[in-house]
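Enquirer: My structure is stored as query_28.cif, with mmCIF, C-alpha atoms.
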```
data_final
loop_
_atom_site.label_atom_id
_atom_site.label_comp_id
_atom_site.auth_asym_id
_atom_site.auth_seq_id
_atom_site.Cartn_x
_atom_site.Cartn_y
_atom_site.Cartn_z
CA MET A 252 182.34 94.30 47.90
CA PHE A 253 180.41 95.79 44.98
CA LEU A 254 178.38 92.59 44.63
CA VAL A 255 177.74 92.22 48.37
CA VAL A 256 176.48 95.78 48.58
CA TRP A 257 174.37 95.26 45.47
CA ALA A 258 172.72 92.09 46.78
CA GLY A 259 172.15 93.52 50.25
CA SER A 260 170.60 96.61 48.73
CA ALA A 261 168.26 94.53 46.58
CA THR A 262 166.96 92.87 49.75
CA ALA A 263 166.67 96.29 51.39
CA GLY A 264 164.70 97.62 48.43
CA PHE A 265 162.28 94.70 48.54
CA LEU A 266 161.64 94.96 52.29
CA GLY A 267 161.55 98.73 52.20
CA ALA A 268 159.03 98.84 49.37
CA ILE A 269 156.50 96.49 50.95
CA THR A 270 156.79 97.81 54.51
CA GLY A 271 156.94 101.52 53.65
CA LEU A 272 160.08 101.91 55.75
CA GLY A 273 162.61 102.67 53.03
CA GLY A 274 165.84 100.76 52.67
CA GLY A 275 167.84 102.41 55.44
CA VAL A 276 166.97 99.79 58.06
CA VAL A 277 169.00 97.23 56.12
CA VAL A 278 171.54 99.43 54.34
CA VAL A 279 173.03 101.18 57.39
CA PRO A 280 173.85 98.06 59.44
CA LEU A 281 175.03 96.23 56.32
CA LEU A 282 177.51 98.95 55.46
CA ALA A 283 178.48 100.16 58.91
CA LEU A 284 178.52 96.92 60.89
CA ALA A 285 179.20 94.17 58.33
CA LEU A 286 181.46 96.04 55.91
CA HIS A 287 183.00 98.55 58.35
CA VAL A 288 182.11 101.55 56.24
CA ASP A 289 182.32 104.87 58.04
CA LEU A 290 178.89 105.77 59.42
CA ARG A 291 178.76 109.03 57.48
CA TYR A 292 179.18 107.25 54.15
CA ALA A 293 176.66 104.65 55.31
CA ILE A 294 174.09 107.33 56.18
CA GLY A 295 174.66 109.07 52.84
CA ALA A 296 174.08 105.81 50.98
CA SER A 297 171.07 105.02 53.16
CA LEU A 298 169.49 108.37 52.33
CA LEU A 299 169.77 107.60 48.62
CA SER A 300 168.38 104.12 49.20
CA VAL A 301 165.28 105.66 50.77
CA ILE A 302 164.72 107.95 47.79
CA ALA A 303 165.29 105.09 45.34
CA THR A 304 162.93 102.73 47.18
CA SER A 305 160.28 105.42 47.48
CA SER A 306 160.30 106.58 43.86
CA GLY A 307 160.77 103.12 42.36
CA ALA A 308 157.93 101.48 44.25
CA ALA A 309 155.65 104.53 44.29
CA ALA A 310 155.54 104.60 40.50
CA ALA A 311 153.70 101.28 40.69
CA TYR A 312 151.63 101.94 43.81
CA VAL A 313 150.31 105.28 42.61
CA ARG A 314 149.20 103.85 39.28
CA GLU A 315 147.45 101.02 41.02
CA GLY A 316 145.80 103.50 43.35
CA ILE A 317 147.01 101.85 46.54
CA SER A 318 148.90 104.81 47.94
CA ASN A 319 146.75 107.87 48.54
CA ILE A 320 148.20 111.04 47.00
CA ARG A 321 145.99 113.46 48.98
CA ILE A 322 146.68 111.85 52.35
CA GLY A 323 150.38 111.75 51.48
CA MET A 324 150.49 115.38 50.37
CA PHE A 325 148.57 116.63 53.43
CA LEU A 326 150.81 114.76 55.87
CA GLU A 327 153.96 115.88 54.07
CA ILE A 328 153.33 119.38 55.46
CA ALA A 329 153.88 117.95 58.93
CA THR A 330 156.83 115.72 58.02
CA THR A 331 158.80 118.34 56.08
CA VAL A 332 158.30 121.06 58.71
CA GLY A 333 159.10 118.50 61.40
CA ALA A 334 162.30 117.48 59.61
CA LEU A 335 163.42 121.10 59.43
CA ALA A 336 162.69 121.57 63.13
CA GLY A 337 164.53 118.35 63.97
CA ALA A 338 167.61 119.36 61.99
CA ALA A 339 167.56 122.79 63.61
CA VAL A 340 167.57 121.47 67.18
CA ALA A 341 169.84 118.47 66.47
CA ALA A 342 172.90 120.27 67.80
CA HIS A 343 171.23 121.01 71.13
CA VAL A 344 169.70 117.60 71.84
CA ALA A 345 171.26 114.44 73.21
CA THR A 346 170.61 112.30 70.13
CA GLY A 347 171.73 109.18 71.98
CA PHE A 348 168.86 109.66 74.40
CA VAL A 349 166.44 110.32 71.54
CA ALA A 350 167.56 107.17 69.72
CA THR A 351 167.17 105.01 72.83
CA THR A 352 163.69 106.41 73.51
CA PHE A 353 162.71 105.94 69.89
CA GLY A 354 163.87 102.32 70.09
CA LEU A 355 161.60 101.75 73.08
CA VAL A 356 158.66 103.44 71.36
CA LEU A 357 159.15 101.22 68.32
CA LEU A 358 159.13 98.07 70.43
CA GLY A 359 155.84 99.16 71.99
CA ALA A 360 154.40 100.05 68.60
CA ALA A 361 155.47 96.68 67.19
CA ALA A 362 153.56 94.90 69.96
CA VAL A 363 150.43 96.99 69.35
CA SER A 364 150.66 96.54 65.60
CA LEU A 365 151.00 92.78 65.90
CA ARG A 366 147.95 92.49 68.15
CA ARG A 367 145.76 94.58 65.89
CA ALA A 368 143.37 92.17 64.24
CA GLU A 369 141.17 94.41 62.09
CA ASP A 370 142.50 96.21 59.06
CA GLY A 371 141.61 99.90 59.14
CA ALA A 372 138.36 101.43 60.32
CA PRO A 373 135.25 99.39 59.47
CA GLN A 374 134.08 99.97 55.91
CA GLY A 375 131.45 102.65 55.61
CA THR A 376 132.73 104.70 58.55
CA PRO A 377 132.07 108.19 57.22
CA PRO A 378 134.89 110.73 57.16
CA ALA A 379 134.39 113.49 59.70
CA GLY A 380 135.81 116.93 60.37
CA LEU A 381 139.21 117.62 58.87
CA ALA A 382 139.29 114.32 57.01
CA ARG A 383 136.09 115.24 55.18
CA THR A 384 137.16 118.79 54.37
CA LEU A 385 140.45 117.53 52.95
CA ARG A 386 138.94 114.51 51.16
CA LEU A 387 141.20 112.05 52.98
CA HIS A 388 139.49 108.97 51.64
CA GLY A 389 139.87 106.56 48.80
CA ARG A 390 139.29 103.14 47.37
CA PHE A 391 141.68 100.34 46.51
CA VAL A 392 141.40 96.72 45.46
CA GLN A 393 142.29 94.09 48.03
CA ASP A 394 142.04 90.39 47.23
CA GLY A 395 140.00 91.29 44.15
CA VAL A 396 137.44 93.26 46.17
CA PRO A 397 137.26 97.07 46.11
CA VAL A 398 137.62 98.51 49.61
CA ASP A 399 136.45 102.04 50.46
CA TYR A 400 138.26 103.69 53.31
CA SER A 401 138.50 107.09 54.92
CA ALA A 402 140.93 108.53 57.41
CA GLN A 403 139.88 108.95 61.03
CA ARG A 404 141.38 111.36 63.54
CA ALA A 405 143.27 113.44 61.00
CA ALA A 406 144.50 116.05 63.50
CA PRO A 407 146.28 113.66 65.92
CA GLY A 408 147.67 111.79 62.89
CA PHE A 409 149.03 115.06 61.56
CA ALA A 410 150.63 115.83 64.92
CA LEU A 411 152.30 112.43 65.05
CA MET A 412 153.63 113.01 61.53
CA PHE A 413 155.31 116.16 62.79
CA VAL A 414 157.06 114.04 65.43
CA ALA A 415 158.00 111.51 62.72
CA GLY A 416 159.51 114.28 60.61
CA MET A 417 161.35 115.69 63.60
CA LEU A 418 162.86 112.31 64.45
CA SER A 419 164.05 111.85 60.89
CA GLY A 420 165.70 115.27 61.04
CA LEU A 421 167.29 114.40 64.39
CA LEU A 422 168.37 110.84 63.74
CA GLY A 423 168.90 110.78 60.00
CA ILE A 424 166.73 107.71 59.44
CA GLY A 425 163.71 105.93 60.76
CA SER A 426 160.90 108.23 59.69
CA GLY A 427 158.97 105.56 57.79
CA ALA A 428 158.25 103.53 60.90
CA LEU A 429 156.34 106.26 62.72
CA LYS A 430 154.55 107.22 59.51
CA VAL A 431 153.14 103.74 59.04
CA ILE A 432 152.28 103.46 62.74
CA ALA A 433 150.46 106.82 62.70
CA MET A 434 148.42 105.97 59.61
CA ASP A 435 147.68 102.44 60.78
CA ASN A 436 146.91 103.00 64.46
CA VAL A 437 145.77 106.61 64.67
CA MET A 438 144.19 107.37 61.32
CA ARG A 439 142.92 103.80 60.99
CA LEU A 440 143.77 103.43 57.33
CA PRO A 441 144.03 99.95 55.82
CA PHE A 442 147.51 98.54 56.40
CA LYS A 443 148.50 98.41 52.75
CA VAL A 444 147.35 102.00 52.23
CA SER A 445 149.47 102.96 55.26
CA THR A 446 152.65 101.26 54.07
CA THR A 447 152.39 102.40 50.46
CA THR A 448 151.46 105.98 51.37
CA SER A 449 154.40 106.05 53.78
CA ASN A 450 156.58 104.74 50.97
CA PHE A 451 155.25 107.54 48.76
CA MET A 452 156.10 110.16 51.38
CA ILE A 453 159.55 109.15 52.59
CA GLY A 454 161.18 110.12 49.28
CA VAL A 455 160.26 113.76 49.82
CA THR A 456 161.51 113.79 53.41
CA ALA A 457 164.78 112.21 52.32
CA ALA A 458 165.22 114.48 49.30
CA ALA A 459 164.91 117.49 51.60
CA SER A 460 168.09 116.52 53.46
CA ALA A 461 170.01 115.28 50.40
CA GLY A 462 171.47 118.70 49.66
CA VAL A 463 173.15 118.92 53.06
CA TYR A 464 174.60 115.42 52.82
CA LEU A 465 175.96 116.03 49.35
CA SER A 466 177.64 119.28 50.30
CA ARG A 467 179.24 117.66 53.33
CA GLY A 468 180.78 114.99 51.10
CA TYR A 469 178.82 112.07 52.62
CA ILE A 470 177.80 110.68 49.24
CA ALA A 471 180.53 108.46 47.81
CA PRO A 472 179.81 107.47 44.19
CA GLY A 473 181.58 104.10 44.40
CA LEU A 474 179.37 103.13 47.31
CA ALA A 475 176.14 104.81 46.23
CA ALA A 476 176.16 103.20 42.77
CA PRO A 477 175.77 99.56 43.90
CA VAL A 478 173.26 100.65 46.55
CA VAL A 479 171.01 102.48 44.09
CA LEU A 480 171.37 99.83 41.38
CA GLY A 481 170.47 97.14 43.91
CA ILE A 482 167.61 98.99 45.58
CA LEU A 483 165.67 99.61 42.38
CA PRO A 484 165.09 96.02 41.19
CA GLY A 485 164.34 95.05 44.80
CA ALA A 486 161.80 97.85 45.17
CA LEU A 487 160.17 97.07 41.83
CA LEU A 488 159.84 93.41 42.77
CA GLY A 489 158.37 94.42 46.14
CA ALA A 490 155.83 96.66 44.40
CA ARG A 491 154.78 93.76 42.16
CA VAL A 492 154.45 91.33 45.06
CA LEU A 493 152.61 93.62 47.49
CA PRO A 494 149.12 93.56 45.91
CA ARG A 495 149.12 89.76 46.25
CA VAL A 496 150.42 89.58 49.81
CA HIS A 497 147.83 89.13 52.54
CA SER A 498 147.88 92.13 54.85
CA ARG A 499 148.23 89.82 57.86
CA VAL A 500 151.51 88.48 56.42
CA LEU A 501 152.59 92.00 55.60
CA ARG A 502 151.95 93.03 59.19
CA LEU A 503 154.20 90.22 60.42
CA VAL A 504 157.03 91.26 58.10
CA PHE A 505 156.55 94.86 59.17
CA THR A 506 156.75 93.94 62.84
CA GLY A 507 159.94 91.95 62.24
CA VAL A 508 161.63 94.88 60.51
CA ILE A 509 160.41 97.30 63.21
CA VAL A 510 161.94 95.15 65.93
CA ALA A 511 165.22 95.09 64.00
CA LEU A 512 165.04 98.86 63.67
CA ALA A 513 164.33 99.21 67.40
CA VAL A 514 167.41 97.15 68.23
CA GLU A 515 169.45 99.23 65.80
CA MET A 516 168.26 102.45 67.45
CA PHE A 517 169.00 101.06 70.88
CA PHE A 518 172.48 100.11 69.80
CA LYS A 519 173.08 103.56 68.33
CA GLY A 520 171.72 105.29 71.40
CA VAL A 521 173.80 103.27 73.85
CA THR A 522 177.06 103.29 71.88
CA GLY A 523 176.58 106.91 70.84
CA SER A 524 177.39 106.10 67.20
CA LEU A 525 175.09 108.62 65.64
CA MET B 143 140.95 116.53 25.82
CA GLN B 144 139.89 114.28 28.64
CA PRO B 145 138.92 115.89 31.94
CA TRP B 146 141.33 115.93 34.87
CA THR B 147 140.53 113.21 37.34
CA ASP B 148 142.41 111.59 40.19
CA GLU B 149 143.09 108.60 37.96
CA ARG B 150 144.69 110.81 35.35
CA MET B 151 146.80 112.46 38.04
CA GLU B 152 147.89 109.05 39.31
CA ARG B 153 149.00 108.11 35.79
CA LEU B 154 150.88 111.40 35.41
CA ILE B 155 152.66 111.08 38.75
CA GLY B 156 153.45 107.43 38.12
CA GLY B 157 154.97 108.48 34.80
CA VAL B 158 157.06 111.25 36.41
CA LEU B 159 158.41 108.83 39.02
CA ARG B 160 159.20 106.16 36.47
CA THR B 161 160.96 108.57 34.12
CA GLY B 162 163.09 109.97 36.93
CA VAL B 163 164.03 106.56 38.25
CA LEU B 164 164.88 105.19 34.79
CA LEU B 165 167.01 108.23 33.96
CA ALA B 166 168.83 107.98 37.28
CA THR B 167 169.42 104.24 36.85
CA ALA B 168 170.79 104.68 33.35
CA LEU B 169 173.26 107.37 34.43
CA VAL B 170 174.36 105.53 37.59
CA ALA B 171 174.76 102.25 35.67
CA LEU B 172 176.84 103.93 32.97
CA GLY B 173 179.04 105.54 35.61
CA ALA B 174 179.30 102.28 37.57
CA VAL B 175 180.55 100.38 34.53
CA ARG B 176 183.28 102.94 33.97
CA PHE B 177 184.02 103.09 37.69
CA LEU B 178 184.41 99.32 37.94
CA ALA B 179 186.59 99.23 34.85
CA LEU B 180 188.94 101.66 36.58
CA HIS B 181 188.81 100.47 40.17
CA PHE B 182 187.81 96.82 40.11
CA ALA B 183 191.13 95.50 41.33
CA GLU B 184 191.43 98.02 44.14
CA ARG B 185 190.06 97.43 47.61
CA PRO B 186 187.77 100.36 48.21
CA GLN B 187 188.51 102.40 51.30
CA TYR B 188 185.38 103.61 53.00
CA ALA B 189 186.33 102.72 56.55
CA VAL B 190 187.89 106.13 57.05
CA PHE B 191 185.80 109.16 56.26
CA ARG B 192 187.63 111.61 54.05
CA GLY B 193 184.66 113.32 52.43
CA GLU B 194 184.24 113.44 48.70
CA PRO B 195 186.37 115.88 46.68
CA LEU B 196 184.84 119.32 46.29
CA ALA B 197 184.13 118.73 42.61
CA LEU B 198 181.68 115.98 43.62
CA ARG B 199 179.92 117.99 46.30
CA THR B 200 178.34 120.81 44.35
CA VAL B 201 175.81 120.62 41.55
CA SER B 202 177.95 122.63 39.14
CA GLY B 203 181.05 120.55 39.92
CA ILE B 204 179.15 117.32 39.41
CA VAL B 205 177.68 118.43 36.10
CA ARG B 206 181.15 119.49 34.88
CA SER B 207 182.74 116.14 35.70
CA ALA B 208 179.77 114.27 34.20
CA VAL B 209 180.16 116.18 30.94
CA ASP B 210 183.78 115.00 30.91
CA LEU B 211 182.35 111.46 31.22
CA ASP B 212 184.22 111.02 34.48
CA ALA B 213 182.96 107.82 36.16
CA SER B 214 182.24 109.36 39.57
CA GLY B 215 180.72 112.42 37.94
CA LEU B 216 178.31 110.27 35.93
CA ILE B 217 177.23 108.41 39.06
CA GLN B 218 176.74 111.64 41.00
CA VAL B 219 174.71 113.22 38.21
CA GLY B 220 172.50 110.11 38.23
CA LEU B 221 172.11 110.51 41.99
CA LEU B 222 171.10 114.13 41.44
CA ALA B 223 168.42 112.91 39.02
CA LEU B 224 167.28 110.50 41.73
CA VAL B 225 167.05 113.28 44.33
CA ALA B 226 165.22 115.50 41.84
CA THR B 227 162.56 112.83 41.20
CA PRO B 228 160.47 113.34 44.38
CA VAL B 229 160.85 117.10 43.96
CA ALA B 230 159.52 116.84 40.40
CA ARG B 231 156.72 114.65 41.72
CA VAL B 232 155.64 117.39 44.12
CA ALA B 233 155.83 120.02 41.36
CA PHE B 234 153.75 117.92 38.96
CA SER B 235 151.13 117.19 41.63
CA MET B 236 150.73 120.91 42.13
CA VAL B 237 150.00 121.34 38.41
CA ALA B 238 147.61 118.39 38.46
CA PHE B 239 145.72 119.68 41.50
CA ALA B 240 145.41 123.06 39.76
CA ALA B 241 144.03 121.38 36.64
CA GLU B 242 141.55 119.55 38.86
CA ARG B 243 140.65 122.93 40.41
CA ASP B 244 141.32 121.54 43.86
CA PHE B 245 142.76 124.72 45.25
CA THR B 246 143.03 123.51 48.83
CA TYR B 247 145.54 120.95 47.60
CA VAL B 248 147.30 123.42 45.33
CA ALA B 249 147.98 125.44 48.50
CA ILE B 250 149.06 122.36 50.47
CA THR B 251 151.41 121.24 47.71
CA PHE B 252 152.77 124.75 47.26
CA PHE B 253 153.61 124.86 50.94
CA VAL B 254 155.38 121.48 50.83
CA MET B 255 157.31 122.61 47.75
CA GLY B 256 158.38 125.76 49.61
CA VAL B 257 159.67 123.83 52.62
CA LEU B 258 161.41 121.37 50.32
CA CYS B 259 163.15 124.12 48.35
CA TYR B 260 164.12 125.89 51.55
CA SER B 261 165.81 122.80 52.98
CA LEU B 262 167.43 121.88 49.64
CA PHE B 263 168.84 125.30 48.82
CA GLY B 264 168.29 127.54 51.83
CA ALA B 265 170.77 125.72 54.04
CA SER B 266 173.60 125.85 51.52
CA LEU B 267 173.12 129.46 50.39
#
```
Let me see whether you can do it: turn the structure in this file into structure tokens.
Expert:
Amino acid sequence: MFLVVWAGSATAGFLGAITGLGGGVVVVPLLALALHVDLRYAIGASLLSVIATSSGAAAAYVREGISNIRIGMFLEIATTVGALAGAAVAAHVATGFVATTFGLVLLGAAAVSLRRAEDGAPQGTPPAGLARTLRLHGRFVQDGVPVDYSAQRAAPGFALMFVAGMLSGLLGIGSGALKVIAMDNVMRLPFKVSTTTSNFMIGVTAAASAGVYLSRGYIAPGLAAPVVLGILPGALLGARVLPRVHSRVLRLVFTGVIVALAVEMFFKGVTGSL
Amino acid sequence: MQPWTDERMERLIGGVLRTGVLLATALVALGAVRFLALHFAERPQYAVFRGEPLALRTVSGIVRSAVDLDASGLIQVGLLALVATPVARVAFSMVAFAAERDFTYVAITFFVMGVLCYSLFGASL
């Protein structure tokens, strides 16, 4: 079992690091469905897998300047406050309904994301309004060519991040998906900047709820150890591979994982296993 | 001393993240080796939720059992290091933004740090 969990987590770390979704999408079904681990232990392990993926891969992305620290920091206001709000109302909301709706939203977003042909706003689009005040722009190297980008529509992006944070507080996982979608589709950032900045951010959102999970006894050392030890090499490999992956290919992988996540959410919503 | 630039901040934050992750990995790996030595033959039981013992739920309890070189305690203390890594990242960015004299972002980071601390400690106080 130790080895199975380790290998599964390595895959989760790799996928999570390149898509900016964290490892939870793979870790939860692996533990809960395939290995019949109680969902609470599975969620505890998944939370740690998100933090491990985020920190492990971000160390590389930040140094290479792919993920944008300012954009990440600014949007973290919305995600952390949203997560608090989500956790606060969780007891009064039908989470099954939320999960089912979220699954549907993800399917729609996957279709939109797949059809999107261009990568970010056209180069040279000047930052305007909030994005200019907050310096939400940057430059990264793609296929050997430096690309300048700047965020568009910062305010709606910020609002969507609040929803993303709220969903993660309500459902326990799945915040990375909306983060990438908001940065990609609303703020029109290049896809790789979106996934790596999401990856940078999800660690903070997850760390915020770690205290609660630990004090409730959800974090089992015998289970968390193979997860964390597997996630890290996977995430590091993902971070090494990402700069060389074409963003079109990355988009396909992202869509595949999103569809899997949508099905997972659907399943959770319908069966009420949340 | 070289001036503070975004590149320097990126190096600093990358370093913070790497240090945290390496420290966490080392502790978890050490604990896992001891854990496996003790429990390898057993079939682990995670199908039924029992909750971890109280000693492994609180920071002070975890640190105590880690000092005793207890396998589970070592793993948990490594996991604490892992959880602390993004928090340290936020704290270090605040310092770096201050050194860059970007006070808008000092305020933004300070706010995020506040929310983070509230949800980490506020709920359990």
Enquirer: Could you tell me which of A:Gln393, A:Ser445, A:Ser401, A:Ser306 comes closest to chain B if we count all atoms listed in the file?
Expert: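 Among A:Gln393, A:Ser445, A:Ser401, A:Ser306, it is A:Ser306 that comes nearest to chain B.
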Enquirer: Please check the contacts: residues of chain B at most 6 Å away from chain A, using all atoms listed in the file, listed as a VMD selection string.
Expert: chain B and resid 152 to 153 156 159 to 160 170 188 to 191 193 to 194 199 214 217 225 228 254 258 261 to 262
Enquirer: Give me the result of the PyMOL selection byres ((chain A and resi 370) around 12) on this file, residue by residue, as a CSV table (one decimal) with C-alpha atoms, in the coordinates of the input.
Expert:
```csv
chain,number,residue,atom,x,y,z
A,364,SER,CA,150.7,96.5,65.6
A,365,LEU,CA,151.0,92.8,65.9
A,366,ARG,CA,148.0,92.5,68.2
A,367,ARG,CA,145.8,94.6,65.9
A,368,ALA,CA,143.4,92.2,64.2
A,369,GLU,CA,141.2,94.4,62.1
A,371,GLY,CA,141.6,99.9,59.1
A,372,ALA,CA,138.4,101.4,60.3
A,373,PRO,CA,135.2,99.4,59.5
A,374,GLN,CA,134.1,100.0,55.9
A,393,GLN,CA,142.3,94.1,48.0
A,398,VAL,CA,137.6,98.5,49.6
A,400,TYR,CA,138.3,103.7,53.3
A,434,MET,CA,148.4,106.0,59.6
A,435,ASP,CA,147.7,102.4,60.8
A,436,ASN,CA,146.9,103.0,64.5
A,438,MET,CA,144.2,107.4,61.3
A,439,ARG,CA,142.9,103.8,61.0
A,440,LEU,CA,143.8,103.4,57.3
A,441,PRO,CA,144.0,100.0,55.8
A,442,PHE,CA,147.5,98.5,56.4
A,443,LYS,CA,148.5,98.4,52.8
A,444,VAL,CA,147.4,102.0,52.2
A,445,SER,CA,149.5,103.0,55.3
A,497,HIS,CA,147.8,89.1,52.5
A,498,SER,CA,147.9,92.1,54.8
A,499,ARG,CA,148.2,89.8,57.9
A,501,LEU,CA,152.6,92.0,55.6
A,502,ARG,CA,152.0,93.0,59.2
```
Enquirer: Using all atoms listed in the file for the distances, tell me which of A:Leu422, A:Pro484, A:Gly333, A:Ala268 is nearest to Thr352 (chain A).
Expert: A:Leu422
Enquirer: Give, as JSON, the centre coordinates and the x, y and z edge lengths in Å to one decimal for an axis-aligned box around all listed atoms of region 314-323 of chain A, padded by 5 Å on each side.
Expert:
```
{"center_x": 148.1, "center_y": 107.2, "center_z": 45.8, "size_x": 14.6, "size_y": 22.4, "size_z": 23.1}
```
Enquirer: In Å to one decimal, how far is CA of Gly157 (chain B) from CA of Ala415 (chain A)?
Expert: 28.2 Å
